[in-house]
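This report concerns only the one structure given below.
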Amino acid sequence: MDTAQKVGGGVRITLPDGAIRAFDGPVTGAEIAASISKRLARDALAMRVDGALRDLATRLDGDARVEIVTRSDDDALALIRHDCAHIMAQAVQELYPGTQVTIGPAIDTGFYYDFARAEPFTPEDLSAIDARMREIVAADLPFEREVWERDAAIAHFRALGELYKVELIKDLPADEVISIYRQGRWLDLCLGPHAPSTGKVGTAFKLMKLAGAYWRGDSKNEMLQRIYGTAWRTDAELAAYLHRLEEAERRDHRRLGRELGLFHFQEEAAGSAFWHAKGYQLWRTIEAYLRGRLAEAGYSEVKTPQVIDRSLWEASGHWEKFRDNMFTVADLEDGKVLAIKPMNCPGHVQIFRQGVKSYRDLPHRMAEFGSCHRKEPSGALHGLMRVRAFTQDDAHIFCTEDQITSESVAFCRLLQDVYRDFGFTDVTVKFSDRPAVRAGDDAVWDRAEGALKAAVEAAGLPYTLNPGEGAFYGPKLEFVLRDAIGRDWQCGTLQVDFVLPERLDAEYVGEDGQRRRPVMLHRAILGSMERFIGVLIEHYAGRLPVWLAPVQVVVATITSDGDAYAHEVAAALKAANLRHSADLRNEKINLKVREHSLQKVPVIAVVGKREAERREVALRWLGEKEQEVLALDVAVDKLVALGRLPTGTPVDSAPADPAP
């Protein structure tokens with residue numbers, strides 16, 4: 001059929017390139033693909049109809065814009081993973097009769113299903129389930145959608161003993177279509193869509209692990225058994241993902257934190273890190289660097305209270321929206337309820353409100369390394385990445401509406417410079433607009449979103465939309481950095497807020513003498529110190545650059561003949577403000593080098609009798625086989641250049657320590 005062919009009546013299908021295909025009557029996605037080419041018909045997995053993903057078997061009886069989805073499309077991953085979940089559920093019920101199937105979605109890297117079974121699954125069971133899944137894929141069973149009457153579906157699943165499915169169906173709205181997908185003789189309640197058959201999944205999948213999960217995520221409900229799997233379009237993608245997992249395990253900040261003596265966690269302070277000396281040195285280095293950057297950018301640093309009366313949180317709107325995540329304490333003497341602050345913004349408004357502010361005082365940039373606490377669920381805690389006690393590199397810019405663009409552009413440039421100094425050059429931006437639950441009317445949100453879009457475009461930053469994910473008081477930009485093994489981490493944010501200054505009565509005197517509301521830009525670069533340090537550790541696999549390393553250089557003696565000179569070298573390092581230690585133990589130099597290398601010390605300065613006579617040091621760089629022999633003063637100058645903060649700001653050095 002010619003792509004430009006037109007017929008009277010029928011259905012007109014517009015393809016992505018603008019070409020139109022006309023059909024005499026209702027047409028399926030499979031028929032549309034076949035009308036384009038045999039190869040497309042063979043490769044097609046699903047279709048997008050006016051932007052919505054649909055089965056190829058869906059019959060279109062009206063004009064539509066249609067895009068055929070093949071394995072090379074990003075949408076294919078979600079389909080493959082959803083199909084894999086159904087195939088896994090079928091395999092489990094065939095191998096272990098009496099197991100109830102509950103819920104099984106596709107997720108970012110794969111899929112899972114929750115099962116109700118008296119006997120626990122074992123790792124050996126996963127091997128058997130995987131093998132049965134491959135047989136189901138090889139059988140190439142068609143996925144077929146059926147619409148059932150509600151009562152019939154309830155009766156069917158009740159007869160099978162699938163009580164969780166019965167509950168799900170009963171909880172659906174009365175007008176909800178009961179959609180069932182069948183593959184062979186096995187079927188499940190499902191909205192779809194699915195690929196045409198199980199064979200389209202391919203072989204690039206693997207069952208990964210077992211876990212427990214409460215029914216519907218509620219700890220009051222029954223504990224189920226969850227099986228996780230991963231699925232990809234090709235075997236190469238699967239292999240790359242498994243390699244990334246191995247790398248992620250090797251780089252896990254929790255393990256490295258213990259091994260390198262940086263921090264630890266314990267049950268008595270769940271969600272709060274105990275920072276050891278070396279870990280806190282890393283913290284202080286980052287903080288000093290960022291303070292230098294903030295000073296250059298014209299920020300003033302402040303400190304706000306940890307515990308504030310609930311009345312302020314009620315006025316700001318946080319009490320209503322955020323109460324369940326706040327730690328509170330009752331003041332029995334005064335009969336008040338106090339909240340440990342979960343964020344810094346209301347406190348910063350209180351500082352801004354002290355004294356009369358003029359338009360000449362704007363923009364006013366206020367920063368704080370604010371210690372915050374949030375009541376995160378215990379099951380969600382994850383090392384430094386998800387904590388209850390954290391410190392934000394928080395700042396708020398109070399400005400006029402006309403200054404939003406220039407201040408936002410300046411912030412975006414500052415953020416990019418900071419990330420670059422930490423070794424992150426691949427940064428993407430998401431634009432998060434108004435959420436369903438929010439403060440402020442639509443007119444205010446229109447202004448805020450328009451101003452933020454103008455700002456990010458003025459900064460020359462491409463962005464993608466993240467619908468409905470804005471803060472409750474304003475839209476935001478989310479800055480996502482990519483680490484050394486390709487993982488994305490959302491760290492920085494920029495939010496435009498017209499609401500909080502109104503709610504907390506912040507104002508300034510305009511050029512016309514009238515009192516006006518400032519706009520409040522909420523911004524963070526690292527997000528939280530804890531999480532960013534966790535990201536840094538994993539990005540560098542613990543091998544931090546010299547300027548960040550808690551111990552920058554270790555002076556190690558070959559024999560006791562070098563002890564006196566080692567003290568001289570350590571003194572020179574101390575005078576140069578380098579963080580160092582000295583290892584004078586009566587041990588072989590190879591053992592010393594190995595131990596300090598395992599501690600990820602960037603440089604080991606080896607000294608012996610010959611080095612003492614020549615006033616030299618032999619520098620061994622972490623990960624390098626060859627050593628570099630330099631005169632002592634040259635070596636110190638080189639280390640100083642590498643150890644200095646990117647801003648040039650000096651940092652207090654750690655004292656020389658003769659112990660290893």
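Quick note on naming: the chains in the structure tokens go A, B, ... in the order shown, residues restart at 1 in each chain, and ligands are numbered from 1 in order of appearance.
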
Identify all residues of region 69-260 of chain A in strand (DSSP E or B) (DSSP on the backbone) and supply them as a VMD selection string. chain A and resid 69 to 70 100 to 101 106 to 107 110 to 116 142 to 148 178 to 183 186 to 189 197 205 to 214 223 to 231

Write the residues of the preceding selection, restricted to C-alpha atoms, as a CSV table (one decimal), in the first residue's frame.
```
chain,number,residue,atom,x,y,z
A,69,VAL,CA,8.0,-0.2,19.0
A,70,THR,CA,10.8,-2.6,18.3
A,100,GLN,CA,0.0,-17.7,45.3
A,101,VAL,CA,1.0,-14.9,42.9
A,106,ALA,CA,8.8,-4.1,35.9
A,107,ILE,CA,11.3,-1.9,37.7
A,110,GLY,CA,14.4,-5.6,35.8
A,111,PHE,CA,11.3,-7.0,37.5
A,112,TYR,CA,10.1,-8.8,40.6
A,113,TYR,CA,7.1,-10.8,41.8
A,114,ASP,CA,5.9,-11.3,45.3
A,115,PHE,CA,4.7,-14.8,46.2
A,116,ALA,CA,2.8,-16.3,49.1
A,142,PRO,CA,1.3,-16.0,22.7
A,143,PHE,CA,0.3,-13.3,25.2
A,144,GLU,CA,-3.5,-12.9,24.8
A,145,ARG,CA,-5.6,-10.2,26.5
A,146,GLU,CA,-9.1,-11.0,27.7
A,147,VAL,CA,-11.7,-8.9,29.4
A,148,TRP,CA,-13.7,-10.7,32.2
A,178,ILE,CA,-11.0,-6.5,34.5
A,179,SER,CA,-8.1,-7.2,32.2
A,180,ILE,CA,-6.6,-10.7,32.1
A,181,TYR,CA,-3.5,-11.8,30.2
A,182,ARG,CA,-3.0,-15.4,29.2
A,183,GLN,CA,0.1,-17.2,28.1
A,186,TRP,CA,-1.5,-19.8,32.6
A,187,LEU,CA,-3.1,-16.4,33.2
A,188,ASP,CA,-3.0,-13.4,35.5
A,189,LEU,CA,-4.7,-10.1,36.3
A,197,SER,CA,4.6,-13.8,22.6
A,205,PHE,CA,17.6,-12.3,31.7
A,206,LYS,CA,18.7,-13.6,35.0
A,207,LEU,CA,17.1,-14.1,38.4
A,208,MET,CA,19.1,-12.1,41.0
A,209,LYS,CA,18.0,-12.5,44.6
A,210,LEU,CA,15.4,-13.3,47.2
A,211,ALA,CA,13.9,-10.8,49.6
A,212,GLY,CA,11.0,-10.4,52.0
A,213,ALA,CA,8.2,-7.9,51.3
A,214,TYR,CA,5.0,-7.1,53.1
A,223,MET,CA,5.3,-11.2,54.8
A,224,LEU,CA,5.6,-12.4,51.2
A,225,GLN,CA,8.6,-13.8,49.3
A,226,ARG,CA,10.0,-11.5,46.6
A,227,ILE,CA,12.1,-12.8,43.7
A,228,TYR,CA,14.0,-10.2,41.8
A,229,GLY,CA,15.3,-10.6,38.3
A,230,THR,CA,16.9,-8.4,35.6
A,231,ALA,CA,16.2,-8.4,31.9
```

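Using only C-alpha atoms, the residues found no farther than 9 Å from Cys491 (chain A), other than those of its own chain fewer than 2 positions away, are Glu478, Phe479, Val480, Leu481, Trp489, Thr493, Ala524, Ile525, Leu526, Gly527, Ser528, Arg531 and Phe532 of chain A.
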
Excluding region 440-444 of chain A and its own-chain neighbours fewer than 3 positions away, which residues fall within 12 Å of it when counting only C-alpha atoms? Please give them as a compact mmCIF listing (two decimals) with N, CA and C atoms, in the first residue's frame.
```txt
# COMPACT_ATOMS: atom_id res chain seq x y z
N SER A 316 4.64 27.80 57.77
CA SER A 316 5.34 27.57 56.49
C SER A 316 4.61 26.56 55.61
N GLY A 317 3.75 25.74 56.22
CA GLY A 317 3.05 24.70 55.47
C GLY A 317 3.70 23.34 55.57
N GLU A 401 11.80 39.41 41.30
CA GLU A 401 11.39 38.55 40.20
C GLU A 401 12.28 38.77 38.98
N ASP A 433 7.85 19.99 37.48
CA ASP A 433 6.80 21.00 37.59
C ASP A 433 5.83 20.66 38.72
N ARG A 434 4.70 21.36 38.76
CA ARG A 434 3.79 21.34 39.91
C ARG A 434 3.28 19.95 40.26
N PRO A 435 3.36 19.60 41.56
CA PRO A 435 2.81 18.32 42.01
C PRO A 435 1.31 18.44 42.26
N ALA A 436 0.65 17.31 42.44
CA ALA A 436 -0.79 17.32 42.68
C ALA A 436 -1.13 18.04 43.98
N VAL A 437 -0.34 17.79 45.02
CA VAL A 437 -0.56 18.47 46.31
C VAL A 437 0.47 19.58 46.42
N ARG A 447 3.82 31.56 36.93
CA ARG A 447 4.93 32.51 36.97
C ARG A 447 6.24 31.82 37.36
N ALA A 448 6.15 30.96 38.39
CA ALA A 448 7.36 30.30 38.88
C ALA A 448 7.93 29.36 37.82
N GLU A 449 7.08 28.56 37.20
CA GLU A 449 7.56 27.63 36.18
C GLU A 449 8.12 28.37 34.98
N GLY A 450 7.45 29.46 34.59
CA GLY A 450 7.94 30.23 33.45
C GLY A 450 9.30 30.84 33.73
N ALA A 451 9.48 31.36 34.95
CA ALA A 451 10.76 31.97 35.32
C ALA A 451 11.88 30.94 35.35
N ALA A 471 8.61 20.60 44.24
CA ALA A 471 8.36 20.73 45.67
C ALA A 471 6.96 21.29 45.87
N PHE A 472 6.41 21.18 47.07
CA PHE A 472 5.02 21.60 47.26
C PHE A 472 4.87 23.11 47.14
N TYR A 473 5.99 23.86 47.25
CA TYR A 473 5.91 25.32 47.17
C TYR A 473 6.45 25.88 45.87
N GLY A 474 7.01 25.03 44.98
CA GLY A 474 7.53 25.59 43.75
C GLY A 474 8.18 24.57 42.84
N PRO A 475 8.34 24.89 41.55
CA PRO A 475 9.01 23.99 40.60
C PRO A 475 10.50 23.93 40.90
N VAL A 496 12.29 27.56 42.54
CA VAL A 496 11.77 28.92 42.56
C VAL A 496 10.51 28.94 43.41
N ASP A 497 10.49 29.82 44.42
CA ASP A 497 9.42 29.79 45.41
C ASP A 497 8.82 31.19 45.60
N PHE A 498 7.56 31.35 45.18
CA PHE A 498 6.81 32.56 45.45
C PHE A 498 5.95 32.41 46.71
N VAL A 499 5.83 31.16 47.20
CA VAL A 499 4.85 30.85 48.24
C VAL A 499 5.37 31.11 49.65
N LEU A 500 6.56 30.58 49.98
CA LEU A 500 7.05 30.67 51.36
C LEU A 500 7.26 32.11 51.82
N PRO A 501 7.81 33.00 51.00
CA PRO A 501 7.92 34.40 51.46
C PRO A 501 6.56 35.00 51.82
N GLU A 502 5.52 34.59 51.11
CA GLU A 502 4.17 35.09 51.41
C GLU A 502 3.68 34.50 52.73
N ARG A 503 3.86 33.21 52.90
CA ARG A 503 3.35 32.54 54.10
C ARG A 503 4.07 33.00 55.36
N VAL A 519 11.29 36.95 45.95
CA VAL A 519 11.25 35.57 45.47
C VAL A 519 12.35 34.82 46.20
```

Identify, on the basis of only C-alpha atoms, every residue whose closest approach to Ala52 (chain A) does not exceed 12 Å; exclude the query and any residue fewer than 2 positions from it along the same chain; express the result as a short mmCIF file (atom, residue, chain, number, x, y, z; two decimals) with C-alpha atoms, in the first residue's frame.
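Final output, saved to result-v9.cif:
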```
data_model
loop_
_atom_site.label_atom_id
_atom_site.label_comp_id
_atom_site.auth_asym_id
_atom_site.auth_seq_id
_atom_site.Cartn_x
_atom_site.Cartn_y
_atom_site.Cartn_z
CA ALA A 46 4.15 -3.14 20.70
CA MET A 47 2.97 0.26 19.50
CA ARG A 48 2.45 3.74 20.83
CA VAL A 49 -1.01 5.07 20.05
CA ASP A 50 -1.22 8.84 20.51
CA ARG A 54 -0.51 -0.60 23.53
CA ASP A 55 -0.43 -4.27 22.50
CA THR A 58 -5.14 -3.73 19.97
CA ALA A 64 -4.50 7.87 15.41
CA ARG A 65 -0.80 8.62 15.48
CA VAL A 66 1.04 5.32 15.74
CA GLU A 67 4.67 4.41 16.36
CA ILE A 68 5.74 0.77 16.14
CA VAL A 69 8.00 -0.24 19.03
CA ASP A 75 10.20 1.29 25.54
CA GLY A 192 -0.71 -4.80 30.09
CA PRO A 193 0.58 -4.18 27.56
#
```

According to DSSP computed on the backbone, where in region 4-76 of chain A is there helix (DSSP H, G or I)? Give the residues as a ChimeraX atom specification. /A:29-36,38-43,75-76

Write out as a PyMOL selection string which residues come within 12 Å of Ala410 (chain A) when counting only C-alpha atoms, dropping same-chain ones fewer than 2 positions away. chain A and resi 294+296-298+363+365+397+403-408+412-417+455-456+458-460+494+523

Residues near Glu568 (chain A), cut-off 12 Å, only C-alpha atoms, skip fewer than 4 positions along chain, as an NGL selection string: :A and (555 or 562-564 or 572-575 or 582 or 607 or 611-612 or 615-617 or 632-633 or 636 or 656)

Just C-alpha atoms for this one: save the residues we selected as a compact mmCIF listing (two decimals), in the first residue's frame.
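The result, stored in again_27.txt:
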```txt
# COMPACT_ATOMS: atom_id res chain seq x y z
CA VAL A 555 56.49 8.41 54.78
CA GLY A 562 66.22 5.98 57.38
CA ASP A 563 64.35 6.87 60.59
CA ALA A 564 66.07 10.20 61.25
CA ALA A 572 58.77 19.18 55.61
CA LEU A 573 55.35 17.76 54.78
CA LYS A 574 53.88 19.26 57.94
CA ALA A 575 55.39 22.66 57.14
CA ALA A 582 55.01 8.19 59.08
CA VAL A 607 63.10 6.65 52.33
CA GLU A 611 67.60 8.60 49.98
CA ALA A 612 68.88 10.19 53.20
CA ARG A 615 68.21 14.23 50.24
CA GLU A 616 65.65 12.48 48.02
CA VAL A 617 62.39 10.57 48.35
CA LEU A 632 62.88 16.40 48.76
CA ASP A 633 62.01 20.03 47.99
CA VAL A 636 57.11 18.54 48.46
CA ALA A 656 52.19 13.79 61.59
```
